[in-house]
Every structure is written in C-alpha cells, then in structure tokens.
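J.: Sharing input.cif, mmCIF, C-alpha atoms:
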```cif
data_coords
#
loop_
_atom_site.label_atom_id
_atom_site.label_comp_id
_atom_site.auth_asym_id
_atom_site.auth_seq_id
_atom_site.Cartn_x
_atom_site.Cartn_y
_atom_site.Cartn_z
CA MET A 1 -42.39 176.38 328.54
CA SER A 2 -38.76 176.10 327.41
CA ASP A 3 -36.33 173.57 328.86
CA LYS A 4 -34.18 176.36 330.32
CA LEU A 5 -37.17 177.89 332.08
CA LYS A 6 -38.15 174.48 333.48
CA THR A 7 -34.61 174.02 334.75
CA PHE A 8 -34.71 177.47 336.33
CA LEU A 9 -37.97 176.71 338.13
CA LYS A 10 -36.54 173.44 339.45
CA CYS A 11 -33.41 175.28 340.60
CA LEU A 12 -35.52 177.97 342.26
CA PHE A 13 -37.66 175.38 344.04
CA SER A 14 -34.65 173.42 345.32
CA THR A 15 -32.90 176.59 346.47
CA ILE A 16 -35.96 177.91 348.31
CA LEU A 17 -36.46 174.51 349.93
CA VAL A 18 -32.87 174.36 351.17
CA LEU A 19 -32.95 177.95 352.45
CA ALA A 20 -36.26 177.24 354.18
CA VAL A 21 -34.68 174.33 356.03
CA VAL A 22 -31.76 176.50 357.13
CA ALA A 23 -34.12 179.34 358.10
CA ALA A 24 -36.25 176.96 360.16
CA ALA A 25 -33.13 175.77 361.92
CA CYS A 26 -32.26 179.38 362.75
CA ILE A 27 -35.76 180.34 363.89
CA PHE A 28 -36.30 177.24 365.98
CA TYR A 29 -32.70 177.02 367.11
CA ASP A 30 -32.36 174.37 369.80
CA GLY A 31 -28.59 174.16 370.02
CA ILE A 32 -28.07 171.17 367.75
CA CYS A 33 -30.24 171.12 364.60
CA LEU A 34 -28.36 173.92 362.83
CA GLU A 35 -24.98 172.77 364.09
CA LEU A 36 -25.45 169.32 362.56
CA LEU A 37 -26.45 170.67 359.16
CA VAL A 38 -22.99 171.93 358.16
CA PRO A 39 -20.99 168.71 358.82
CA LEU A 40 -23.72 166.67 357.16
CA LEU A 41 -23.49 168.77 354.01
CA CYS A 42 -19.70 168.41 354.07
CA ASN A 43 -20.09 164.63 354.40
CA LEU A 44 -22.45 164.46 351.43
CA ALA A 45 -20.01 166.55 349.38
CA ALA A 46 -17.23 164.08 350.21
CA VAL A 47 -19.37 161.17 349.05
CA GLU A 48 -20.10 162.99 345.80
CA TRP A 49 -16.39 163.57 345.28
CA PHE A 50 -15.83 159.83 345.72
CA PHE A 51 -18.25 158.94 342.92
CA MET A 52 -17.00 161.72 340.63
CA LEU A 53 -13.41 160.51 341.08
CA ARG A 54 -14.47 156.92 340.49
CA LYS A 55 -15.84 157.91 337.08
CA SER A 56 -12.60 159.63 336.12
CA ASP A 57 -9.07 158.32 335.60
CA ALA A 58 -7.75 160.30 338.56
CA GLY A 59 -9.54 158.56 341.40
CA GLU A 60 -6.68 156.66 343.00
CA ASN A 61 -7.06 158.57 346.26
CA ARG A 62 -10.86 158.62 346.28
CA TRP A 63 -11.04 156.50 349.46
CA LEU A 64 -8.69 158.86 351.27
CA VAL A 65 -10.72 161.85 350.06
CA MET A 66 -14.00 160.33 351.19
CA LEU A 67 -12.76 159.12 354.59
CA ALA A 68 -11.13 162.47 355.31
CA GLY A 69 -14.28 164.27 354.18
CA LEU A 70 -16.41 162.13 356.49
CA ILE A 71 -14.18 162.38 359.56
CA TYR A 72 -12.81 165.92 359.40
CA PRO A 73 -16.12 167.89 359.64
CA TRP A 74 -17.08 166.04 362.81
CA CYS A 75 -13.65 166.55 364.36
CA PHE A 76 -14.06 170.22 363.52
CA TYR A 77 -17.57 170.18 364.94
CA PHE A 78 -16.56 168.65 368.29
CA SER A 79 -13.46 170.84 368.62
CA THR A 80 -15.28 174.11 367.94
CA SER A 81 -16.67 175.86 370.99
CA PHE A 82 -19.71 177.92 370.01
CA ALA A 83 -19.46 179.83 373.28
CA PHE A 84 -16.38 181.69 372.08
CA PRO A 85 -16.54 184.66 369.71
CA ILE A 86 -15.03 184.58 366.24
CA GLU A 87 -11.89 186.35 367.48
CA HIS A 88 -10.78 183.03 368.99
CA ALA A 89 -10.98 181.30 365.58
CA PRO A 90 -9.64 179.44 363.78
CA SER A 91 -9.91 176.27 365.78
CA PRO A 92 -6.64 174.31 365.71
CA CYS A 93 -8.56 171.38 364.23
CA CYS A 94 -9.14 173.16 360.92
CA LEU A 95 -5.38 173.53 360.46
CA VAL A 96 -4.42 170.15 361.92
CA GLY A 97 -6.91 168.36 359.70
CA LEU A 98 -5.51 170.01 356.58
CA ILE A 99 -1.93 169.26 357.58
CA ILE A 100 -2.68 165.59 358.25
CA PHE A 101 -4.46 165.22 354.92
CA VAL A 102 -1.56 166.82 353.01
CA LEU A 103 0.91 164.45 354.68
CA LEU A 104 -1.22 161.39 353.92
CA ALA A 105 -1.79 162.45 350.31
CA PHE A 106 1.95 162.87 349.75
CA LEU A 107 2.65 159.53 351.44
CA CYS A 108 0.18 157.72 349.16
CA GLU A 109 1.88 159.07 346.05
CA VAL A 110 5.40 158.29 347.32
CA VAL A 111 4.34 154.69 348.00
CA ARG A 112 2.77 154.36 344.54
CA MET A 113 5.89 155.71 342.85
CA ASN A 114 8.20 153.37 344.76
CA CYS A 115 6.05 150.24 344.73
CA MET A 116 3.95 150.56 341.59
CA GLY A 117 6.27 152.46 339.24
CA ARG A 118 3.96 155.44 338.99
CA SER A 119 5.27 158.33 336.92
CA PRO A 120 6.03 161.63 338.68
CA GLU A 121 3.59 163.48 336.40
CA ALA A 122 0.71 161.12 337.24
CA ALA A 123 1.56 161.29 340.95
CA LEU A 124 1.59 165.09 340.94
CA ARG A 125 -1.75 165.23 339.10
CA SER A 126 -3.35 162.78 341.54
CA LEU A 127 -1.93 164.72 344.48
CA GLY A 128 -3.32 168.00 343.21
CA ILE A 129 -6.78 166.55 342.60
CA SER A 130 -6.81 164.98 346.07
CA LEU A 131 -5.92 168.25 347.77
CA VAL A 132 -8.57 170.15 345.80
CA ALA A 133 -11.16 167.47 346.64
CA PHE A 134 -10.48 167.86 350.36
CA ILE A 135 -10.35 171.65 350.41
CA TYR A 136 -13.23 172.41 348.05
CA PRO A 137 -15.94 172.70 349.10
CA GLY A 138 -15.86 170.69 352.36
CA TRP A 139 -12.90 172.26 354.15
CA LEU A 140 -13.98 175.77 353.16
CA PHE A 141 -17.67 175.27 353.95
CA ALA A 142 -16.84 173.78 357.37
CA PHE A 143 -15.87 177.29 358.49
CA ALA A 144 -19.60 177.99 358.68
CA MET A 145 -19.47 176.23 362.04
CA PHE A 146 -17.89 179.39 363.48
CA PHE A 147 -21.21 181.18 362.90
CA LEU A 148 -23.67 178.67 364.32
CA SER A 149 -24.31 180.38 367.63
CA PRO A 150 -27.74 182.03 368.06
CA SER A 151 -26.14 185.48 367.84
CA THR A 152 -24.38 184.90 364.51
CA ALA A 153 -26.54 182.28 362.77
CA LEU A 154 -28.79 184.94 361.22
CA MET A 155 -25.80 186.70 359.70
CA LEU A 156 -24.61 183.41 358.22
CA LEU A 157 -28.05 182.79 356.74
CA LEU A 158 -28.13 186.31 355.25
CA PHE A 159 -24.78 185.82 353.53
CA ILE A 160 -25.82 182.42 352.16
CA ALA A 161 -29.18 183.82 351.02
CA VAL A 162 -27.53 186.68 349.10
CA THR A 163 -25.04 184.21 347.62
CA LYS A 164 -27.78 181.90 346.37
CA MET A 165 -29.78 184.87 345.08
CA SER A 166 -26.80 185.72 342.88
CA ASP A 167 -26.90 182.19 341.42
CA ILE A 168 -30.62 182.49 340.70
CA TRP A 169 -30.33 185.95 339.13
CA THR A 170 -27.40 184.82 336.97
CA TYR A 171 -29.39 181.91 335.59
CA LEU A 172 -32.59 183.93 335.10
CA CYS A 173 -30.86 186.82 333.34
CA GLY A 174 -28.95 184.36 331.22
CA VAL A 175 -32.18 182.65 330.15
CA LEU A 176 -34.00 185.90 329.39
CA VAL A 177 -31.33 188.07 327.72
CA GLY A 178 -28.23 185.88 327.42
CA ARG A 179 -26.18 186.32 324.19
CA ARG A 180 -28.54 188.98 322.82
CA PHE A 181 -26.01 191.80 323.10
CA ILE A 182 -22.67 190.06 323.70
CA SER A 183 -22.12 186.86 321.77
CA ARG A 184 -18.93 185.85 323.56
CA PRO A 185 -19.56 183.76 326.73
CA PHE A 186 -18.38 185.10 330.07
CA SER A 187 -15.96 182.19 330.53
CA PRO A 188 -15.82 180.18 327.28
CA ALA A 189 -13.18 177.70 328.46
CA VAL A 190 -14.62 176.95 331.90
CA SER A 191 -18.35 177.69 331.76
CA PRO A 192 -19.45 178.44 328.19
CA GLU A 193 -23.14 178.61 329.14
CA LYS A 194 -22.62 181.71 331.31
CA SER A 195 -23.30 184.92 329.41
CA TRP A 196 -22.11 188.46 330.06
CA GLU A 197 -25.73 189.58 330.19
CA GLY A 198 -26.42 187.06 332.94
CA ILE A 199 -23.40 188.19 334.95
CA ILE A 200 -24.08 191.92 334.58
CA GLY A 201 -27.80 191.53 335.26
CA SER A 202 -27.11 189.37 338.30
CA LEU A 203 -24.60 191.90 339.63
CA LEU A 204 -27.22 194.64 339.51
CA LEU A 205 -30.09 192.53 340.86
CA THR A 206 -28.00 190.88 343.57
CA THR A 207 -26.70 194.24 344.74
CA LEU A 208 -30.23 195.65 344.82
CA SER A 209 -31.96 192.65 346.46
CA GLY A 210 -29.05 192.06 348.83
CA THR A 211 -29.11 195.68 349.94
CA VAL A 212 -32.85 195.51 350.61
CA LEU A 213 -32.50 192.24 352.53
CA LEU A 214 -29.59 193.45 354.63
CA ARG A 215 -31.37 196.71 355.42
CA LEU A 216 -34.52 194.84 356.45
CA VAL A 217 -32.58 192.74 358.92
CA GLU A 218 -30.14 195.46 359.99
CA PRO A 219 -31.89 198.84 359.53
CA GLU A 220 -28.89 200.68 360.95
CA CYS A 221 -26.58 199.34 358.23
CA PRO A 222 -25.69 202.17 355.79
CA ILE A 223 -27.05 201.67 352.29
CA LEU A 224 -23.61 202.07 350.70
CA LEU A 225 -22.14 199.43 353.00
CA ALA A 226 -25.01 197.01 352.36
CA ALA A 227 -24.65 197.51 348.60
CA SER A 228 -20.88 197.00 348.77
CA ILE A 229 -21.28 193.79 350.77
CA SER A 230 -23.90 192.48 348.33
CA ALA A 231 -21.73 193.26 345.30
CA LEU A 232 -18.69 191.65 346.93
CA LEU A 233 -20.70 188.54 347.77
CA PHE A 234 -21.75 188.36 344.13
CA LEU A 235 -18.16 188.50 342.90
CA ILE A 236 -17.03 185.83 345.36
CA SER A 237 -20.05 183.72 344.41
CA VAL A 238 -19.08 183.87 340.73
CA MET A 239 -15.57 182.68 341.64
CA GLY A 240 -17.03 179.77 343.60
CA ASN A 241 -19.27 178.73 340.71
CA LEU A 242 -16.41 178.93 338.22
CA ALA A 243 -14.29 176.78 340.52
CA CYS A 244 -17.06 174.18 340.56
CA SER A 245 -17.40 174.33 336.76
CA LEU A 246 -13.63 173.95 336.36
CA ILE A 247 -13.59 170.82 338.52
CA LYS A 248 -16.55 169.20 336.78
CA ARG A 249 -15.12 169.98 333.34
CA CYS A 250 -11.78 168.45 334.28
CA LEU A 251 -13.50 165.32 335.62
CA GLY A 252 -15.93 165.11 332.72
CA VAL A 253 -19.17 165.30 334.73
CA LYS A 254 -22.14 167.64 334.34
CA ASP A 255 -23.43 167.60 337.94
CA SER A 256 -21.89 166.31 341.14
CA SER A 257 -25.04 164.19 341.57
CA HIS A 258 -28.79 164.30 340.86
CA LEU A 259 -29.94 164.79 344.44
CA LEU A 260 -31.43 168.27 343.94
CA PRO A 261 -33.58 168.94 340.84
CA GLY A 262 -32.33 171.84 338.77
CA ILE A 263 -29.20 172.24 340.93
CA GLY A 264 -27.42 168.91 340.80
CA GLY A 265 -25.78 167.71 343.98
CA ILE A 266 -24.55 169.04 347.29
CA ILE A 267 -21.28 170.24 345.77
CA ASP A 268 -23.28 172.27 343.24
CA LEU A 269 -25.38 173.63 346.12
CA ILE A 270 -22.55 174.78 348.39
CA ALA A 271 -20.03 175.67 345.68
CA SER A 272 -20.53 179.43 345.94
CA PRO A 273 -21.43 179.55 349.68
CA SER A 274 -18.18 177.74 350.50
CA PHE A 275 -16.26 180.69 349.07
CA THR A 276 -18.42 183.35 350.73
CA VAL A 277 -18.33 181.60 354.11
CA ALA A 278 -14.54 181.34 353.98
CA ALA A 279 -14.35 184.99 352.96
CA LEU A 280 -16.60 185.91 355.89
CA VAL A 281 -14.22 184.16 358.30
CA ALA A 282 -11.23 185.89 356.69
CA ALA A 283 -12.96 189.27 357.07
CA PHE A 284 -13.60 188.68 360.77
CA LEU A 285 -10.03 187.59 361.36
CA LEU A 286 -8.55 190.53 359.47
CA PHE A 287 -10.90 193.29 360.64
#
```
If you took the structure in this file and wrote it as structure tokens, what would it be?
T.:
Amino acid sequence: MSDKLKTFLKCLFSTILVLAVVAAACIFYDGICLELLVPLLCNLAAVEWFFMLRKSDAGENRWLVMLAGLIYPWCFYFSTSFAFPIEHAPSPCCLVGLIIFVLLAFLCEVVRMNCMGRSPEAALRSLGISLVAFIYPGWLFAFAMFFLSPSTALMLLLFIAVTKMSDIWTYLCGVLVGRRFISRPFSPAVSPEKSWEGIIGSLLLTTLSGTVLLRLVEPECPILLAASISALLFLISVMGNLACSLIKRCLGVKDSSHLLPGIGGIIDLIASPSFTVAALVAAFLLF
C-alpha cells in the first residue's frame, strides 16, 4: 500500500469519525450537545493558530489572537437565540466582536511603533496576519451557530457532509489519476500537490454524490437545483482549502496540528466548511 493511499485512508477515517459525532449530535439532539460543538471547534482552532504563530516570525499578537478566539465564540453562543429564524441574523455579537478585535489589533501595532520602534511594514504585516487569524476559520465557522436548532441542524450537516466529500474526492482522484493527463498542478504557488485531475474528478463526483444525498434527504428538491448546490459547495470548498494552504505556506507549517490522523488539525478540518457555512448564511440573508 502506497504512502498516499495510507494517508487517504487515515483522512477518510478521521472525516467519517467527525461526521459521525456531528450526526449523533443531530439525531440525539438534546438542546446543548450540538450547540457546544461549534464554539469548541473554534476554540481549538484559536489554540492551533497560537502555536503556528509562535513557530513563525509574525507571532507578536498570538496572545490576542488566542484570547479573542477563546472568548468570542462563547459570546456569540450566549448572544444567539436559537428560537429565532435566520431572518433575524446576524446577531450583533458577530459584528461587535470583529470590530473590537480590529480596534485592539490596531492599538497593539500603534503601541509597538511608538514604544518599540517597530517599522510600519512589520506592523502592517503583523496586523494583517492577526486579522486573518481571527476571521479564518473561527469567525466564519461560528456562523454555524445560526443553524443549530432542530429544524435546521440537518441542513447544516448536509452542507458540511457534501463539503467534506469534496475534500475526500479531491484527494482520492489526485492519488489515482493525478498528473497523468495534465502535468501542471492546479495551484502551483499555493498548493502544488493538487492536480487538475483531482479537481475535475472531485467536481463530478461531488456533484453526483451531493445530488444523491440531497435528494435522499429532501425528495422534493429538483435534481438540477441539488446538482447546482453540490457543484457550488465544491467550488467554495476548494477556495477554503486554498486559503488554508496559503496560510500554512506563509507560516511555514505543513499541518495546523497532528490531532487528526490524515487530516492534520482542527483548522485543516474546518477550513472548507468555514467557507461553506459563511456562504450558507449569506445566501439566507440575501434570498
């Protein structure tokens, strides 16, 4: 068995295990188990950011990033009323938390420039990394708390399941047929291991499997609509994975941690779902 196939099997096992936990929380929903899962994942992502920033030369604000990442999801959690429909979102806390973090991040850099002689270029770079660390994936993934009521939790699980299926199909197609027809990587500067064959194969398989899954859960959903949703989720998922690869490449790390075999850490796990969840909220607000 090749190393890539072993990695794929580990990734598949970890993904199925995580989805099984979320599915169990949905099936045996008791009003708290599923609700606690989202802020806990956001907290773990903040801790991983702390250690990634500590390994790099841009970790001056790592304590601010971690503290904000630990506090904000719970403020969001306690301020979000699950009795209200999505039309009442977003909760003011999601905007207030972001505003407060931006102000504090700017203040930290102003103090460093005045008191420590920090260069404007270094301050701007540190500020940008701090803002990205707060927003991605924790701030984006926290929007999942809008869909934790019994009536919408299944829809959230479906979207996350299709998103993770796209990750699995991309890796599997890349292992089986990657670089056999197109030698140039899909994104050579950001993620050189991704192949065009893996992306195209995953697009087709995700659209097909996502359509089947959505139709099984919602038989009245038109096939064309289910296929369009699945394809759109795939595209957003690819963007989320590339964002994660970009961050790790800039920080010089391979995985956010080694918590999940074959996947990496929590940031690696919720990288693509954070984009699809945020897109789901945007769709509800717009349409």
J.: Which polymer residues have any atom within 12 Å of an atom of Val177 of chain A, counting all atoms listed in the file, with same-chain residues fewer than 2 positions away left out, as a list in words?
T.: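 Listing them by chain and then by number gives Trp169, Thr170, Tyr171, Leu172, Cys173, Gly174, Val175, Arg179, Arg180, Phe181, Ile182, Ser183, Lys194, Ser195, Trp196, Glu197, Gly198, Ile199, Ile200, Gly201 and Ser202 of chain A.
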J.: Using atom CA of Cys115 of chain A and atom CA of Gly252 of chain A as the two end points, give the distance in Å to one decimal.
T.: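 Pair atom CA of Cys115 of chain A / atom CA of Gly252 of chain A returns 29.1 Å.
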J.: Care to translate the PyMOL selection byres ((chain A and resi 105) around 8) into actual residues of this file, as a list in words?
T.: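 For this structure, the PyMOL selection byres ((chain A and resi 105) around 8) resolves to Asn61, Leu64, Phe101, Val102, Leu103, Leu104, Phe106, Leu107, Cys108, Glu109, Leu127, Ser130 and Leu131 of chain A.
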J.: To verify the selection step, state as a list of chain:residue names which residues the PyMOL selection byres ((chain A and resi 276) around 10) yields on this input.
T.: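 This file, filtered by the PyMOL selection byres ((chain A and resi 276) around 10), leaves A:Leu140, A:Phe141, A:Ala144, A:Leu156, A:Phe159, A:Ile160, A:Val162, A:Thr163, A:Leu232, A:Leu233, A:Phe234, A:Leu235, A:Ile236, A:Ser237, A:Met239, A:Gly240, A:Ile270, A:Ala271, A:Ser272, A:Pro273, A:Ser274, A:Phe275, A:Val277, A:Ala278, A:Ala279, A:Leu280, A:Val281, A:Ala282.
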J.: If the PyMOL selection byres ((chain A and resi 134) around 9) is run on the structure shown, which residues does it catch, given as JSON, numbers by chain?
T.: {"A": [46, 49, 65, 66, 68, 69, 98, 101, 129, 130, 131, 132, 133, 135, 136, 137, 138, 139]}
J.: Can you write just those residues out, C-alpha atoms, as a CSV table (one decimal), keeping the file's coordinate frame?
T.:
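Produced file selection35.csv, reproduced below:
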```
chain,number,residue,atom,x,y,z
A,46,ALA,CA,-17.2,164.1,350.2
A,49,TRP,CA,-16.4,163.6,345.3
A,65,VAL,CA,-10.7,161.8,350.1
A,66,MET,CA,-14.0,160.3,351.2
A,68,ALA,CA,-11.1,162.5,355.3
A,69,GLY,CA,-14.3,164.3,354.2
A,98,LEU,CA,-5.5,170.0,356.6
A,101,PHE,CA,-4.5,165.2,354.9
A,129,ILE,CA,-6.8,166.6,342.6
A,130,SER,CA,-6.8,165.0,346.1
A,131,LEU,CA,-5.9,168.2,347.8
A,132,VAL,CA,-8.6,170.2,345.8
A,133,ALA,CA,-11.2,167.5,346.6
A,135,ILE,CA,-10.4,171.6,350.4
A,136,TYR,CA,-13.2,172.4,348.0
A,137,PRO,CA,-15.9,172.7,349.1
A,138,GLY,CA,-15.9,170.7,352.4
A,139,TRP,CA,-12.9,172.3,354.2
```
J.: Go through A:Met116, A:Ala142, A:Val111, A:Leu246 one by one, measure the shortest atom-to-atom distance of each to Cys93 of chain A using all atoms listed in the file, and give the residue with the smallest value.
T.: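 Counting all atoms listed in the file, the residue closest to Cys93 of chain A is A:Ala142.
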J.: Between atom CA of Leu53 of chain A and atom CA of Pro73 of chain A, what is the distance, to one decimal in Å?
T.: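 Computing the Euclidean distance for atom CA of Leu53 of chain A and atom CA of Pro73 of chain A yields 20.2 Å.
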J.: Using atom CA of Pro188 of chain A and atom CA of Asp57 of chain A as the two end points, give the distance in Å to one decimal.
T.: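 Pair atom CA of Pro188 of chain A / atom CA of Asp57 of chain A returns 24.3 Å.
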J.: Given the choices A:Thr152, A:Gly117, A:Phe143, A:Lys55, which gets closest to Tyr77 of chain A if the distance is worked out from only C-alpha atoms?
T.: A:Phe143
J.: Counting only C-alpha atoms, which residue out of A:Leu259, A:Leu285, A:Ala153, A:Leu269 sits closest to Ile16 of chain A?
T.: A:Leu269
J.: Which polymer residues have any atom within 10 Å of an atom of Val212 of chain A, counting all atoms listed in the file, with same-chain residues fewer than 5 positions away left out, as a list in words?
T.: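 My reading of the contact set: Thr206, Thr207, Val217, Glu218, Pro219, Ile223, Ala226, Ala227 and Ser230 of chain A.
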J.: My list of candidates is A:Met165, A:Ile247, A:Leu44, A:Ala283. Which is closest to Gly128 of chain A when distances are computed with all atoms listed in the file?
T.: A:Ile247
J.: Compile the contact shell of Ser191 of chain A as a PyMOL selection string: residues with an atom at most 8 Å away, counting only C-alpha atoms, same-chain residues fewer than 4 positions apart removed.
T.: chain A and resi 185-187+242+245-246
